[in-house]
Amino acid sequence: MGYWTIGGRRMKTLGKIENNCQLNPLKELWLGGIYPESFYSHFDNKTEDLFCKITELTNKDLNNFENVLDDIGINVVRPKFDQPLEKYMDDQDNLIKPPISPCDWSIVVDDTLYVIPQYHHNIQPFAHAIEEYKAQGQKVKILDRSSDSMCWVIFPALLRMGKDLYFDFDPHQQKQKKHTIETANMFTSTHRVHVSGTGGDHLDGVFCPLKNKQIFSSHYRSLYDKSFPGWNVFKLPEPKSNGHSMKWWLPGINYGHFNNEVIKVANNWLGNPQESVFEVNMLVVDEKNIICVQQDDNARKYFDSLGIKMHVADFKTCYFWDAGIHCLISDVYRSGPLVDFWPDRGQNGYYDLEDEYNI
């Protein structure tokens, strides 16, 4: 078992890669991270101050999130930035987006961790963990963007539900559709694979399977009869407006300088948080515990009725990073058997869900 120190704390990896169902008990995860403040020192003073403020707010909530995980007993692995600043830049000398959302580019399916490289120069902020997994004989595949179809798959739109795997793609992106189907077919010998083209959204920003026969859904999603037959759906009301139109809104920021500098320095970092419902972007720990942002009274009563305890971990900069609680993690090790929630569905193989959505 390997150890390293971050912020004075002694961290470890469990040396295990396994995840065949995202409802199984969580044991270890990667938690996203952002650059140290020193990475912004080459900017003018106002811009440096802005990104240092973002860093301060983000790290405060990431540390609190880690404390929540630690209290529950989840092992947390965080990134290291132990290379010169220039190693984290693209060919135009712009900073590449920090690894705040490992859910976007890393995923474990069964006993293999798949990673899409985000940096040049073979830089990997989680290299320390990857080396430890390999030393323990675990399977890690660093994908090749030039040849691996899996690089086209939207990882947050890949649901691991035991015997059943769900892949979703953007129907307007023909290459993405082609490569998603190719990837799905890699798993047909061991899983029932379901493929749909509902828009290519990050499904973890649209709904969340909570436990057997229970789904927590946003107002964006309504069709579950074919994909999750027999499951109960709790629908969250349409969220109230946050009172602003800027997608990278942050509390306590002077926008006169902020908007121009964010676009100049970090335009490629910004997503579209208006497409996500952060209340459903939750992390299921096990059938009795979830981690989420603050929910309304109706949602809390619903969780209470299911015997699920809510652990709240605020993330004030979610609109800047376009990331909710689930986006911030990659669940590397979940213990438990390969569950079959729908044993009457039939054999392993490829199943097309597109008819459900009239595509």
# chains A, B, ... in the order shown; residues from 1 in each chain; ligands from 1
>>> residues_around(residues="stretch 103-113 of chain A", least_positions_apart="5", cutoff="10 Å", atoms="only C-alpha atoms", output="PyMOL selection string")
chain A and resi 16-22+30-32+118+130+133+138-143+151+153-160+162+165+187+190+202+204+323+326-334+338
>>> closest_residue(among="A:Ser38, A:Thr58, A:Ser305, A:Asn63", to="A:Ile100", atoms="only C-alpha atoms")
A:Thr58
>>> select_by_dssp(residues="stretch 127-348 of chain A", states="alpha helix (DSSP H)", output="PyMOL selection string")
chain A and resi 127-135+174-184+255-266+297-305+318-321
>>> closest_residue(among="A:Ser149, A:Thr198, A:Asn185, A:Asn348", to="A:Pro171", atoms="only C-alpha atoms")
A:Thr198
>>> residues_around(residues="A:Asp314", least_positions_apart="5", cutoff="10 Å", atoms="only C-alpha atoms", output="compact mmCIF listing (two decimals) with N, CA, C and O atoms, in the first residue's frame")
# COMPACT_ATOMS: atom_id res chain seq x y z
N LYS A 60 -11.24 25.69 -0.42
CA LYS A 60 -11.95 25.62 0.86
C LYS A 60 -13.06 24.57 0.80
O LYS A 60 -13.21 23.75 1.72
N ASP A 61 -13.82 24.59 -0.29
CA ASP A 61 -14.92 23.63 -0.40
C ASP A 61 -14.42 22.23 -0.74
O ASP A 61 -15.01 21.23 -0.30
N LEU A 62 -13.35 22.11 -1.52
CA LEU A 62 -12.78 20.79 -1.79
C LEU A 62 -12.28 20.14 -0.51
O LEU A 62 -12.47 18.94 -0.29
N ASN A 64 -13.36 20.75 2.49
CA ASN A 64 -14.54 20.39 3.29
C ASN A 64 -15.17 19.10 2.75
O ASN A 64 -15.57 18.22 3.53
N PHE A 65 -15.24 18.98 1.43
CA PHE A 65 -15.76 17.77 0.80
C PHE A 65 -14.92 16.56 1.21
O PHE A 65 -15.44 15.50 1.56
N ILE A 291 -23.93 12.10 -0.82
CA ILE A 291 -23.34 13.42 -0.61
C ILE A 291 -23.90 14.34 -1.68
O ILE A 291 -23.92 13.99 -2.87
N CYS A 292 -24.36 15.51 -1.27
CA CYS A 292 -25.05 16.39 -2.20
C CYS A 292 -24.90 17.84 -1.76
O CYS A 292 -24.41 18.13 -0.67
N VAL A 293 -25.33 18.75 -2.63
CA VAL A 293 -25.51 20.12 -2.21
C VAL A 293 -26.83 20.19 -1.45
O VAL A 293 -27.60 19.24 -1.42
N GLN A 294 -27.11 21.32 -0.85
CA GLN A 294 -28.32 21.46 -0.03
C GLN A 294 -29.57 21.19 -0.86
O GLN A 294 -29.71 21.70 -1.97
N GLY A 324 -20.73 19.79 -10.36
CA GLY A 324 -21.39 19.49 -9.11
C GLY A 324 -20.59 18.46 -8.33
O GLY A 324 -19.44 18.16 -8.64
N ILE A 325 -21.20 17.90 -7.30
CA ILE A 325 -20.50 16.97 -6.42
C ILE A 325 -19.98 15.75 -7.18
O ILE A 325 -18.82 15.34 -7.03
>>> residues_around(residues="A:Gln214", least_positions_apart="4", cutoff="10 Å", atoms="only C-alpha atoms", output="PyMOL selection string")
chain A and resi 208-210+228+230-234+306
>>> write_last_selection(atoms="all heavy atoms", output="tab-separated table (two decimals), in the first residue's frame")
chain	number	residue	atom	x	y	z
A	208	CYS	N	-30.06	10.87	-11.09
A	208	CYS	CA	-29.15	10.08	-10.26
A	208	CYS	C	-29.87	8.83	-9.77
A	208	CYS	O	-30.84	8.94	-8.99
A	208	CYS	CB	-28.68	10.91	-9.06
A	208	CYS	SG	-27.62	10.00	-7.91
A	209	PRO	N	-29.44	7.63	-10.18
A	209	PRO	CA	-29.95	6.41	-9.54
A	209	PRO	C	-29.44	6.37	-8.09
A	209	PRO	O	-28.25	6.55	-7.84
A	209	PRO	CB	-29.32	5.29	-10.37
A	209	PRO	CG	-28.87	5.93	-11.64
A	209	PRO	CD	-28.51	7.32	-11.29
A	210	LEU	N	-30.36	6.18	-7.15
A	210	LEU	CA	-30.02	6.26	-5.72
A	210	LEU	C	-29.77	4.89	-5.10
A	210	LEU	O	-28.83	4.71	-4.32
A	210	LEU	CB	-31.15	6.93	-4.95
A	210	LEU	CG	-31.42	8.41	-5.22
A	210	LEU	CD1	-32.67	8.84	-4.48
A	210	LEU	CD2	-30.22	9.25	-4.80
A	228	PHE	N	-35.08	2.12	-17.35
A	228	PHE	CA	-35.13	1.68	-15.95
A	228	PHE	C	-36.53	1.15	-15.62
A	228	PHE	O	-37.24	1.70	-14.80
A	228	PHE	CB	-34.79	2.84	-15.00
A	228	PHE	CG	-33.34	3.23	-14.99
A	228	PHE	CD1	-32.82	4.05	-15.97
A	228	PHE	CD2	-32.50	2.76	-14.00
A	228	PHE	CE1	-31.48	4.41	-15.97
A	228	PHE	CE2	-31.15	3.11	-13.99
A	228	PHE	CZ	-30.65	3.94	-14.97
A	230	GLY	N	-39.74	-0.39	-14.12
A	230	GLY	CA	-40.16	-0.78	-12.78
A	230	GLY	C	-39.56	0.07	-11.67
A	230	GLY	O	-39.82	-0.20	-10.49
A	231	TRP	N	-38.79	1.11	-12.01
A	231	TRP	CA	-38.18	1.94	-10.97
A	231	TRP	C	-39.05	3.15	-10.66
A	231	TRP	O	-39.72	3.70	-11.54
A	231	TRP	CB	-36.79	2.39	-11.41
A	231	TRP	CG	-35.75	1.31	-11.28
A	231	TRP	CD1	-35.90	0.00	-11.62
A	231	TRP	CD2	-34.43	1.45	-10.77
A	231	TRP	NE1	-34.74	-0.71	-11.35
A	231	TRP	CE2	-33.82	0.17	-10.83
A	231	TRP	CE3	-33.69	2.51	-10.27
A	231	TRP	CZ2	-32.51	-0.06	-10.41
A	231	TRP	CZ3	-32.38	2.29	-9.86
A	231	TRP	CH2	-31.81	1.01	-9.92
A	232	ASN	N	-39.04	3.55	-9.40
A	232	ASN	CA	-39.75	4.75	-8.97
A	232	ASN	C	-38.91	5.99	-9.25
A	232	ASN	O	-37.69	5.98	-9.08
A	232	ASN	CB	-40.05	4.69	-7.47
A	232	ASN	CG	-40.89	3.48	-7.10
A	232	ASN	OD1	-41.89	3.18	-7.75
A	232	ASN	ND2	-40.48	2.76	-6.07
A	233	VAL	N	-39.57	7.07	-9.67
A	233	VAL	CA	-38.87	8.29	-10.04
A	233	VAL	C	-39.38	9.45	-9.19
A	233	VAL	O	-40.57	9.75	-9.18
A	233	VAL	CB	-39.05	8.63	-11.53
A	233	VAL	CG1	-38.32	9.93	-11.88
A	233	VAL	CG2	-38.56	7.48	-12.41
A	234	PHE	N	-38.47	10.07	-8.45
A	234	PHE	CA	-38.79	11.31	-7.74
A	234	PHE	C	-38.29	12.46	-8.59
A	234	PHE	O	-37.11	12.54	-8.92
A	234	PHE	CB	-38.10	11.36	-6.37
A	234	PHE	CG	-38.34	12.65	-5.62
A	234	PHE	CD1	-39.41	12.77	-4.76
A	234	PHE	CD2	-37.50	13.74	-5.79
A	234	PHE	CE1	-39.65	13.95	-4.07
A	234	PHE	CE2	-37.71	14.92	-5.11
A	234	PHE	CZ	-38.79	15.04	-4.25
A	306	LEU	N	-36.56	6.87	2.33
A	306	LEU	CA	-35.78	5.76	1.79
A	306	LEU	C	-34.71	5.28	2.75
A	306	LEU	O	-33.98	4.33	2.44
A	306	LEU	CB	-35.11	6.18	0.47
A	306	LEU	CG	-36.02	6.58	-0.69
A	306	LEU	CD1	-35.20	7.01	-1.89
A	306	LEU	CD2	-36.95	5.43	-1.07
>>> closest_residue(among="A:Lys46, A:Lys178, A:His194, A:Lys235", to="A:Phe207", atoms="only C-alpha atoms")
A:Lys235
>>> atom_distance(atom1="atom CA of A:Asn59", atom2="atom CA of A:Phe320")
13.4 Å
>>> residues_around(residues="stretch 79-83 of chain A", least_positions_apart="6", cutoff="10 Å", atoms="only C-alpha atoms", output="ChimeraX atom specification")
/A:5-6,30-36,98-100,102,123-129
>>> atom_distance(atom1="atom CA of A:Trp342", atom2="atom CA of A:Ile215")
15.1 Å
>>> closest_residue(among="A:Asn281, A:Asn67, A:Asn289, A:Ser196", to="A:Ser218", atoms="only C-alpha atoms")
A:Asn281
